[in-house]
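Asks: Have a look at this one.
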Amino acid sequence: MSRTNVKQNIDTRRVTQELFTLTYGAFVAQILNDYEHVDEVNKQLDKIGYNIGVRLIDDFLARNPTVGRCHDFRETADVLAKQGFKTYLGITPSITNWSPAGDEFSLLLDGNPLTEFVELPDGPGQKLSYNQMICGAIRGALEMVQLEVDCRFVQDQLKGDNTTELRVKFLKKLEDALPVGED
Amino acid sequence: MSMQAPTYLRSSALDRSLQKTRGDINLSTFALLFSEMVQYSQNRVDNIYDLQTKLSDLGHHVGTRILDLYFLRVAKDKREVRLTPMLVFIQKTFWKFLFNREADNLEQHAQEPNVYYIIERECLVNKFISVPKDKGNLNCAAFVAGIVESVLSTSGFKCKVLTHQGNRGTTYVITFAQSVMDRESRLDTK
Amino acid sequence: MACCVAVLIKENLIYLRRSAEELKFLFLIHASIDILDDKVNQLTKPTSDRDARDFYLGLLYPVEEYKIYGYVSSTRVKFILIFEHSTSISLKDQDIKLLFQRLHQAYIDSVSNPFYVPNTQLKSKRFEQVVTSLMIQNDSTTLPQQSSSVVPATSVSIPTTT
């Protein structure tokens with residue numbers, strides 16, 4: 001921890017959570033306006049998240065120089081929940097429901113700054129995956145460290161479920177991954 | 001009709017205390033989201049002017065919602081009714097609430113009493129957007145201008161806010177409607 | 001406890017809930033608008049005895065069986081609570097102010113929903129719940145059947161005199 005000074009410097013760069021929450025809301029509402037089908041909106045949010053994820057990982061590794069290569073998927077899950085989520089969304093989801101093979105787990109998001117004021121619109125809007133950006137971000141960030149994962153919400157409080165559950169499934173290790181921008 | 005709402009709604013809406021503790025979010029998260037928002041908007045317009053309008057509209061969406069949030073959570077129940085204290089509030093307190101620091105200057109136009117400037121040497125949202133050469137005039141501070149415009153307008157100070165980029169940094173040019181100035185001078189004489 | 005809850009932007013009623021479907025509430029609300037506007041304008045005068053920046057405007061006016069209270073936010077959103085005389089006797093100014101603050105908080109949360117279009121009817125489940133709580137709270141004797149007698153929000157336009 002010889003880099004405390006640097007770290008403190010970085011940590012003072014913060015904005016109020018309301019600004020972030022409402023900005024994301026404005027953005028999602030705009031996209032919902034622009035597309036006819038909610039499925040398309042969900043895809044857009046995922047793509048936006050992906051673009052964010054592939055950039056975020058650099059910042060993450062710069063802030064957390066102690067994080068090395070993960071030995072297994074469990075370690076990845078740990079870093080993701082306890083450091084990734086904590087740093088960028090200020091929450092620490094709990095990790096549960098490991099598959100027997102250890103290649104799939106769930107993150108339970110209890111209270112999430114993105115959804116603080118959100119009530120989904122009636123009609124087709126009920127199918128909106130408001131948090132989809134998070135899936136994209138995880139996929140993007142892990143891809144940059146040579147992990148291909150599948151990421152999706154299986155429960156969503158905004159849709160009336162008791163919890164918000166994000167399922168992350170390991171697909172494969174990427175060999176010579178090239179940073180490909182998705183478009 | 002609404003009696004069957006799931007339990008999480010009940011707990012979050014009813015048990016939440018009035019004064020919620022203030023939370024911050026990492027600037028990188030916001031910066032990357034903002035930059036995606038600019039790119040997304042850019043793909044849907046033909047020119048820089050329309051892009052700035054779009055950003056300003058998004059700012060409006062945020063601004064109409066954020067002022068009341070601020071008042072209730074941070075400042076309890078106080079409001080500004082006069083123009084100058086309101087502008088000082090925007091420049092100092094509100095800016096600090098949004099970006100964790102105050103805007104650098106607040107000035108009034110020498111000749112036109114209804115024009116004010118808020119000046120920021122280093123505008124946060126411009127700092128992390130590198131504008132491509134062919135879009136040299138793009139000013140992403142239009143988003144912040146949209147927030148300021150809607151915050152002022154919804155609190156009874158109808159105005160138009162434009163941005164100007166110069167050697168002093170980002171200037172927000174606030175032009176108040178005549179009705180606002182009339183009210184001010186009425187209040188002055190009382 | 002409260003028998004009528006109303007939220008207005010200028011003269012537009014964006015939310016209304018009443019314990020009974022009675023027209024008289026609409027008249028009471030309508031009469032309150034002018035009083036609220038007056039009070040807010042009074043407040044901008046430096047001579048006013050009340051703190052000019054306080055949202056809570058107190059008792060607007062009492063009529064035979066009701067007491068009507070008002071509250072105006074920084075963004076000039078008007079909140080009106082009407083109580084039956086009998087139930088409001090025990091209520092202090094501080095209590096009512098607190099009810100308004102809860103209503104205001106709920107309002108802010110609902111309009112902060114990105115999918116709410118400003119200045120349109122409020123149709124938020126969360127908001128409904130808070131209003132329900134304001135209408136049944138402390139009314140322990142009539143708690144269970146209360147919810148069914150509460151008339152859900154309807155969009156009603158108030159006739160304007162001007």
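Chain lettering (A, B, ...) mirrors the order of the structure tokens, residue numbering begins at 1 for each chain separately, and ligand numbering begins at 1 in order of display.
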Name all residues at most 12 Å from Lys54 in chain B (count only C-alpha atoms; drop same-chain ones fewer than 3 positions away) and give them as an NGL selection string.
Replies: (:A and (26-27 or 30)) or (:B and (37-51 or 57-61 or 138-146))
Asks: List every residue of range 143-183 of chain B that DSSP, applied to the backbone, labels as alpha helix (DSSP H), and write the result as a PyMOL selection string.
Replies: chain B and resi 143-154+178-183
Asks: Would you write out those residues with N, CA and C atoms, as a compact mmCIF listing (two decimals), in the first residue's frame?
Replies:
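Writing done, so here's selection_36.txt:
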```
# COMPACT_ATOMS: atom_id res chain seq x y z
N PHE B 143 -25.01 19.83 -21.64
CA PHE B 143 -25.75 18.98 -20.71
C PHE B 143 -25.93 19.69 -19.36
N VAL B 144 -24.84 20.24 -18.87
CA VAL B 144 -24.90 20.96 -17.59
C VAL B 144 -25.77 22.21 -17.74
N ALA B 145 -25.64 22.87 -18.89
CA ALA B 145 -26.48 24.05 -19.15
C ALA B 145 -27.96 23.68 -19.08
N GLY B 146 -28.29 22.52 -19.63
CA GLY B 146 -29.68 22.05 -19.58
C GLY B 146 -30.14 21.84 -18.15
N ILE B 147 -29.26 21.31 -17.32
CA ILE B 147 -29.61 21.11 -15.91
C ILE B 147 -29.87 22.46 -15.25
N VAL B 148 -28.94 23.40 -15.45
CA VAL B 148 -29.06 24.71 -14.81
C VAL B 148 -30.33 25.42 -15.28
N GLU B 149 -30.56 25.34 -16.59
CA GLU B 149 -31.73 26.02 -17.14
C GLU B 149 -33.02 25.49 -16.52
N SER B 150 -33.13 24.19 -16.40
CA SER B 150 -34.38 23.65 -15.88
C SER B 150 -34.48 23.85 -14.37
N VAL B 151 -33.36 23.83 -13.68
CA VAL B 151 -33.40 24.09 -12.23
C VAL B 151 -33.88 25.52 -11.97
N LEU B 152 -33.32 26.47 -12.70
CA LEU B 152 -33.72 27.87 -12.51
C LEU B 152 -35.17 28.07 -12.94
N SER B 153 -35.51 27.53 -14.11
CA SER B 153 -36.84 27.76 -14.63
C SER B 153 -37.92 27.15 -13.75
N THR B 154 -37.67 25.94 -13.26
CA THR B 154 -38.70 25.33 -12.43
C THR B 154 -38.79 25.99 -11.06
N GLN B 178 -37.85 38.59 -19.16
CA GLN B 178 -38.19 39.92 -18.66
C GLN B 178 -39.08 39.83 -17.42
N SER B 179 -39.99 38.84 -17.42
CA SER B 179 -40.91 38.70 -16.28
C SER B 179 -40.14 38.53 -14.97
N VAL B 180 -39.02 37.83 -15.05
CA VAL B 180 -38.21 37.61 -13.84
C VAL B 180 -37.63 38.94 -13.36
N MET B 181 -37.13 39.73 -14.33
CA MET B 181 -36.50 41.01 -13.97
C MET B 181 -37.55 41.97 -13.41
N ASP B 182 -38.75 41.96 -14.01
CA ASP B 182 -39.83 42.82 -13.52
C ASP B 182 -40.16 42.47 -12.08
N ARG B 183 -40.26 41.18 -11.81
CA ARG B 183 -40.60 40.77 -10.45
C ARG B 183 -39.53 41.24 -9.47
```
Asks: With a cut-off of 12 Å, could you pull out the residues of chain C touching chain A and give me the nearest pair of atoms for each, distance in Å to one decimal, using only C-alpha atoms, ordered by chain and ascending number, as a tab-separated table?
Replies:
```
residue	atom	partner	partner_atom	distance
C:Gln105	CA	A:Phe117	CA	11.3
C:Ala106	CA	A:Phe117	CA	9.9
C:Tyr107	CA	A:Phe117	CA	10.6
C:Ile108	CA	A:Phe117	CA	8.9
C:Asp109	CA	A:Phe117	CA	5.5
C:Ser110	CA	A:Phe117	CA	6.5
C:Val111	CA	A:Phe117	CA	8.1
C:Ser112	CA	A:Phe117	CA	5.7
C:Asn113	CA	A:Val118	CA	4.7
C:Pro114	CA	A:Gly25	CA	4.7
C:Phe115	CA	A:Ala29	CA	6.1
C:Tyr116	CA	A:Pro121	CA	8.2
C:Val117	CA	A:Ala29	CA	10.0
C:Leu122	CA	A:Glu119	CA	11.8
C:Lys123	CA	A:Glu119	CA	9.9
C:Ser124	CA	A:Glu119	CA	7.4
C:Lys125	CA	A:Glu119	CA	8.1
C:Arg126	CA	A:Glu119	CA	8.6
C:Phe127	CA	A:Glu119	CA	10.8
```
Asks: Write a file of the selected residues as a PDB file, in the first residue's frame, keeping N, CA and C atoms.
Replies:
```pdb
ATOM      1  N   GLN C 105     -41.502  14.002  -0.051  1.00  0.00           N
ATOM      2  CA  GLN C 105     -40.467  13.012  -0.345  1.00  0.00           C
ATOM      3  C   GLN C 105     -40.975  11.975  -1.350  1.00  0.00           C
ATOM      4  N   ALA C 106     -42.187  11.497  -1.109  1.00  0.00           N
ATOM      5  CA  ALA C 106     -42.757  10.488  -2.002  1.00  0.00           C
ATOM      6  C   ALA C 106     -42.980  11.070  -3.394  1.00  0.00           C
ATOM      7  N   TYR C 107     -43.401  12.318  -3.409  1.00  0.00           N
ATOM      8  CA  TYR C 107     -43.618  12.985  -4.696  1.00  0.00           C
ATOM      9  C   TYR C 107     -42.305  13.076  -5.467  1.00  0.00           C
ATOM     10  N   ILE C 108     -41.271  13.512  -4.767  1.00  0.00           N
ATOM     11  CA  ILE C 108     -39.969  13.664  -5.412  1.00  0.00           C
ATOM     12  C   ILE C 108     -39.461  12.325  -5.931  1.00  0.00           C
ATOM     13  N   ASP C 109     -39.623  11.295  -5.122  1.00  0.00           N
ATOM     14  CA  ASP C 109     -39.200   9.972  -5.578  1.00  0.00           C
ATOM     15  C   ASP C 109     -39.951   9.564  -6.838  1.00  0.00           C
ATOM     16  N   SER C 110     -41.242   9.854  -6.876  1.00  0.00           N
ATOM     17  CA  SER C 110     -42.034   9.419  -8.034  1.00  0.00           C
ATOM     18  C   SER C 110     -41.712  10.221  -9.279  1.00  0.00           C
ATOM     19  N   VAL C 111     -41.506  11.525  -9.118  1.00  0.00           N
ATOM     20  CA  VAL C 111     -41.205  12.278 -10.336  1.00  0.00           C
ATOM     21  C   VAL C 111     -39.756  12.080 -10.756  1.00  0.00           C
ATOM     22  N   SER C 112     -38.937  11.542  -9.873  1.00  0.00           N
ATOM     23  CA  SER C 112     -37.568  11.231 -10.262  1.00  0.00           C
ATOM     24  C   SER C 112     -37.506   9.964 -11.112  1.00  0.00           C
ATOM     25  N   ASN C 113     -38.603   9.230 -11.138  1.00  0.00           N
ATOM     26  CA  ASN C 113     -38.691   8.085 -12.027  1.00  0.00           C
ATOM     27  C   ASN C 113     -38.457   8.558 -13.461  1.00  0.00           C
ATOM     28  N   PRO C 114     -37.473   7.995 -14.140  1.00  0.00           N
ATOM     29  CA  PRO C 114     -37.166   8.493 -15.483  1.00  0.00           C
ATOM     30  C   PRO C 114     -38.340   8.376 -16.454  1.00  0.00           C
ATOM     31  N   PHE C 115     -39.294   7.529 -16.132  1.00  0.00           N
ATOM     32  CA  PHE C 115     -40.388   7.326 -17.083  1.00  0.00           C
ATOM     33  C   PHE C 115     -41.603   8.193 -16.775  1.00  0.00           C
ATOM     34  N   TYR C 116     -41.497   8.985 -15.740  1.00  0.00           N
ATOM     35  CA  TYR C 116     -42.582   9.901 -15.455  1.00  0.00           C
ATOM     36  C   TYR C 116     -42.409  11.146 -16.324  1.00  0.00           C
ATOM     37  N   VAL C 117     -43.471  11.537 -17.003  1.00  0.00           N
ATOM     38  CA  VAL C 117     -43.398  12.742 -17.814  1.00  0.00           C
ATOM     39  C   VAL C 117     -43.842  13.922 -16.948  1.00  0.00           C
ATOM     40  N   LEU C 122     -49.870  11.720 -11.780  1.00  0.00           N
ATOM     41  CA  LEU C 122     -48.985  10.832 -11.027  1.00  0.00           C
ATOM     42  C   LEU C 122     -49.641   9.466 -10.921  1.00  0.00           C
ATOM     43  N   LYS C 123     -48.972   8.454 -11.447  1.00  0.00           N
ATOM     44  CA  LYS C 123     -49.556   7.118 -11.337  1.00  0.00           C
ATOM     45  C   LYS C 123     -48.521   6.175 -10.772  1.00  0.00           C
ATOM     46  N   SER C 124     -47.961   6.519  -9.639  1.00  0.00           N
ATOM     47  CA  SER C 124     -46.898   5.704  -9.082  1.00  0.00           C
ATOM     48  C   SER C 124     -47.420   4.838  -7.942  1.00  0.00           C
ATOM     49  N   LYS C 125     -47.039   3.569  -7.976  1.00  0.00           N
ATOM     50  CA  LYS C 125     -47.467   2.655  -6.917  1.00  0.00           C
ATOM     51  C   LYS C 125     -46.902   3.091  -5.570  1.00  0.00           C
ATOM     52  N   ARG C 126     -45.640   3.508  -5.597  1.00  0.00           N
ATOM     53  CA  ARG C 126     -45.016   3.919  -4.342  1.00  0.00           C
ATOM     54  C   ARG C 126     -45.735   5.124  -3.762  1.00  0.00           C
ATOM     55  N   PHE C 127     -46.053   6.048  -4.623  1.00  0.00           N
ATOM     56  CA  PHE C 127     -46.727   7.241  -4.147  1.00  0.00           C
ATOM     57  C   PHE C 127     -48.080   6.882  -3.544  1.00  0.00           C
TER      58      PHE C 127
END
```
Asks: What's the 10 Å shell around Asp37 in chain C, counting only C-alpha atoms, without same-chain residues fewer than 6 positions away, as a list of chain:residue names?
Replies: C:Lys10, C:Leu43, C:Val72, C:Arg76, C:Lys78
Asks: Could you save those same residues with C-alpha atoms as a CSV table (one decimal), in the first residue's frame?
Replies:
```csv
chain,number,residue,atom,x,y,z
C,10,LYS,CA,-50.1,25.7,-11.1
C,43,LEU,CA,-43.7,35.3,1.6
C,72,VAL,CA,-45.5,24.6,-1.6
C,76,ARG,CA,-43.9,25.6,-6.8
C,78,LYS,CA,-48.7,22.7,-4.3
```
Asks: Residues of chain B no more than 7 Å from chain A, counting only C-alpha atoms: send them over as a CSV table (one decimal) with N, CA and C atoms, in the first residue's frame.
Replies:
```csv
chain,number,residue,atom,x,y,z
B,6,PRO,N,-45.3,-5.5,-4.2
B,6,PRO,CA,-44.4,-6.4,-3.5
B,6,PRO,C,-43.7,-5.7,-2.3
B,23,GLY,N,-25.0,10.0,-0.9
B,23,GLY,CA,-24.1,9.1,-1.4
B,23,GLY,C,-23.4,9.7,-2.6
B,24,ASP,N,-22.2,9.3,-2.8
B,24,ASP,CA,-21.4,9.7,-4.0
B,24,ASP,C,-21.2,8.5,-4.9
B,25,ILE,N,-20.8,8.8,-6.1
B,25,ILE,CA,-20.5,7.7,-7.0
B,25,ILE,C,-19.1,8.1,-7.7
B,26,ASN,N,-18.4,7.0,-8.0
B,26,ASN,CA,-17.1,7.2,-8.7
B,26,ASN,C,-17.2,8.0,-9.9
B,27,LEU,N,-16.4,9.0,-10.1
B,27,LEU,CA,-16.4,9.8,-11.3
B,27,LEU,C,-16.2,9.0,-12.6
B,29,THR,N,-17.3,6.1,-13.3
B,29,THR,CA,-18.5,5.5,-13.7
B,29,THR,C,-19.4,6.5,-14.4
B,30,PHE,N,-19.5,7.7,-13.8
B,30,PHE,CA,-20.3,8.7,-14.4
B,30,PHE,C,-19.6,9.2,-15.8
B,32,LEU,N,-17.8,7.6,-17.9
B,32,LEU,CA,-18.0,6.6,-19.0
B,32,LEU,C,-19.4,6.6,-19.5
B,33,LEU,N,-20.3,6.7,-18.5
B,33,LEU,CA,-21.8,6.7,-18.9
B,33,LEU,C,-22.0,8.0,-19.7
B,36,GLU,N,-20.7,7.6,-23.2
B,36,GLU,CA,-21.6,6.8,-24.0
B,36,GLU,C,-22.9,7.5,-24.5
B,37,MET,N,-23.3,8.4,-23.6
B,37,MET,CA,-24.5,9.2,-23.9
B,37,MET,C,-24.3,10.1,-25.0
B,58,LEU,N,-31.4,16.2,-22.4
B,58,LEU,CA,-31.1,15.2,-21.4
B,58,LEU,C,-30.8,15.9,-20.0
B,61,HIS,N,-34.0,16.8,-18.4
B,61,HIS,CA,-34.6,15.7,-17.8
B,61,HIS,C,-34.0,15.5,-16.4
B,62,VAL,N,-32.7,15.7,-16.2
B,62,VAL,CA,-32.1,15.5,-14.9
B,62,VAL,C,-32.5,16.7,-14.0
B,97,PHE,N,-22.9,20.3,-4.7
B,97,PHE,CA,-23.7,19.1,-4.5
B,97,PHE,C,-23.6,18.2,-5.8
B,98,LEU,N,-23.6,18.7,-6.9
B,98,LEU,CA,-23.5,17.9,-8.2
B,98,LEU,C,-22.1,17.4,-8.4
B,99,PHE,N,-21.1,18.2,-8.3
B,99,PHE,CA,-19.7,17.9,-8.8
B,99,PHE,C,-18.7,17.9,-7.7
B,100,ASN,N,-19.1,18.1,-6.5
B,100,ASN,CA,-18.1,18.1,-5.4
B,100,ASN,C,-17.2,19.3,-5.4
```
Asks: State, in Å with one decimal place, the distance from CA of Ile136 in chain C to CA of Ala2 in chain C.
Replies: 7.5 Å
Asks: Write out as a PDB file with C-alpha atoms, in the first residue's frame all residues of range 7-169 of chain A that backbone DSSP assigns to strand (DSSP E or B).
Replies:
```
ATOM      1  CA  ARG A  14     -16.606  11.723  -7.232  1.00  0.00           C
ATOM      2  CA  VAL A  15     -19.950  13.112  -8.235  1.00  0.00           C
ATOM      3  CA  THR A  16     -23.198  12.958  -6.369  1.00  0.00           C
ATOM      4  CA  SER A  94     -23.642 -11.232  -2.511  1.00  0.00           C
ATOM      5  CA  ILE A  95     -22.420 -14.241  -4.462  1.00  0.00           C
ATOM      6  CA  THR A  96     -24.665 -17.301  -4.398  1.00  0.00           C
ATOM      7  CA  GLU A 104     -21.755 -20.262 -13.034  1.00  0.00           C
ATOM      8  CA  PHE A 105     -22.843 -18.070 -10.149  1.00  0.00           C
ATOM      9  CA  SER A 106     -25.376 -15.466  -9.177  1.00  0.00           C
ATOM     10  CA  LEU A 107     -24.959 -11.956  -7.871  1.00  0.00           C
ATOM     11  CA  LEU A 108     -27.776 -10.624  -5.720  1.00  0.00           C
ATOM     12  CA  LEU A 147     -12.732 -14.356 -20.045  1.00  0.00           C
ATOM     13  CA  GLU A 148     -15.794 -14.837 -22.152  1.00  0.00           C
ATOM     14  CA  VAL A 149     -18.916 -14.935 -20.055  1.00  0.00           C
ATOM     15  CA  ASP A 150     -22.640 -14.928 -20.503  1.00  0.00           C
ATOM     16  CA  CYS A 151     -24.429 -12.493 -18.274  1.00  0.00           C
ATOM     17  CA  ARG A 152     -28.145 -12.003 -17.734  1.00  0.00           C
ATOM     18  CA  PHE A 153     -30.762 -11.088 -15.185  1.00  0.00           C
ATOM     19  CA  VAL A 154     -32.913 -13.974 -14.019  1.00  0.00           C
ATOM     20  CA  GLN A 155     -34.850 -11.983 -11.406  1.00  0.00           C
ATOM     21  CA  GLU A 165     -30.404 -11.746  -9.490  1.00  0.00           C
ATOM     22  CA  LEU A 166     -27.685 -11.549 -12.058  1.00  0.00           C
ATOM     23  CA  ARG A 167     -26.419 -14.834 -13.476  1.00  0.00           C
ATOM     24  CA  VAL A 168     -22.851 -14.994 -14.735  1.00  0.00           C
ATOM     25  CA  LYS A 169     -21.760 -18.055 -16.714  1.00  0.00           C
TER      26      LYS A 169
END
```
Asks: Just the residues within 7 Å of Met135 in chain C, please, counting only C-alpha atoms, with nothing from its chain fewer than 2 positions along; format it as a list of chain:residue names.
Replies: C:Met1, C:Ala2, C:Cys3, C:Val131, C:Thr132, C:Ser133, C:Gln137
Asks: Next, write the just-selected residues to a file, as a short mmCIF file (atom, residue, chain, number, x, y, z; two decimals), in the first residue's frame, keeping N, CA and C atoms as the atom set.
Replies:
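Saved to result_22.cif:
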```cif
data_model
loop_
_atom_site.label_atom_id
_atom_site.label_comp_id
_atom_site.auth_asym_id
_atom_site.auth_seq_id
_atom_site.Cartn_x
_atom_site.Cartn_y
_atom_site.Cartn_z
N MET C 1 -56.43 9.25 8.44
CA MET C 1 -56.36 10.53 9.13
C MET C 1 -56.73 11.66 8.17
N ALA C 2 -55.90 11.87 7.16
CA ALA C 2 -56.29 12.88 6.17
C ALA C 2 -57.44 12.31 5.35
N CYS C 3 -58.38 13.13 4.95
CA CYS C 3 -59.47 12.58 4.15
C CYS C 3 -59.37 13.01 2.69
N VAL C 131 -49.47 7.74 0.24
CA VAL C 131 -50.74 8.44 0.44
C VAL C 131 -51.67 7.58 1.30
N THR C 132 -51.72 6.30 0.98
CA THR C 132 -52.55 5.40 1.79
C THR C 132 -52.14 5.49 3.26
N SER C 133 -50.84 5.51 3.49
CA SER C 133 -50.37 5.56 4.88
C SER C 133 -50.77 6.89 5.54
N GLN C 137 -53.05 6.42 8.76
CA GLN C 137 -52.18 6.46 9.92
C GLN C 137 -52.89 7.05 11.15
#
```
Asks: Counting only C-alpha atoms, figure out which residue out of C:Leu13, C:Ile82, C:Leu26, C:Leu57 gets nearest to chain B.
Replies: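 Comparing C:Leu13, C:Ile82, C:Leu26, C:Leu57 against chain B, the winner is C:Leu57.
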Asks: So, with only C-alpha atoms as the atoms that count, which of B:Phe34, B:Phe157, B:Trp95, B:Phe176 lies closest to chain C?
Replies: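 Ranking B:Phe34, B:Phe157, B:Trp95, B:Phe176 by distance to chain C, first place goes to B:Phe157.
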Asks: In Å, with one decimal, what is the gap from CA of Phe83 in chain C to CA of Cys4 in chain C?
Replies: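 Rounded to one decimal, the two atoms are 7.0 Å apart.
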Asks: In terms of the shortest atom-to-atom distance over only C-alpha atoms, which of B:Asp104, B:Ile174, B:Lys158, B:Val125 is closest to chain C?
Replies: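 Of B:Asp104, B:Ile174, B:Lys158, B:Val125, the one nearest chain C, counting only C-alpha atoms, is B:Lys158.
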Asks: To one decimal place in Å, what is the distance between CA of Ala77 in chain A and CA of Gly136 in chain A?
Replies: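 We find that CA of Ala77 in chain A and CA of Gly136 in chain A lie 15.7 Å from each other.
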Asks: Determine the nearest neighbour of chain C from the options B:Gly156, B:Pro85, B:Pro113, B:Gly169, counting only C-alpha atoms.
Replies: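 Of the candidates, the smallest distance to chain C is held by B:Gly156.
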Asks: Name the closest residue to chain C among the candidates B:Ser155, B:Thr171, B:Thr163, B:Thr53; distances are taken between atoms, counting only C-alpha atoms.
Replies: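 Of the candidates, the smallest distance to chain C is held by B:Ser155.
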Asks: Hey, which of C:Glu84, C:Glu21, C:Glu65, C:Glu128 ends up closest to chain B? Count only C-alpha atoms.
Replies: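 With only C-alpha atoms as the atom set, the closest residue is C:Glu128.
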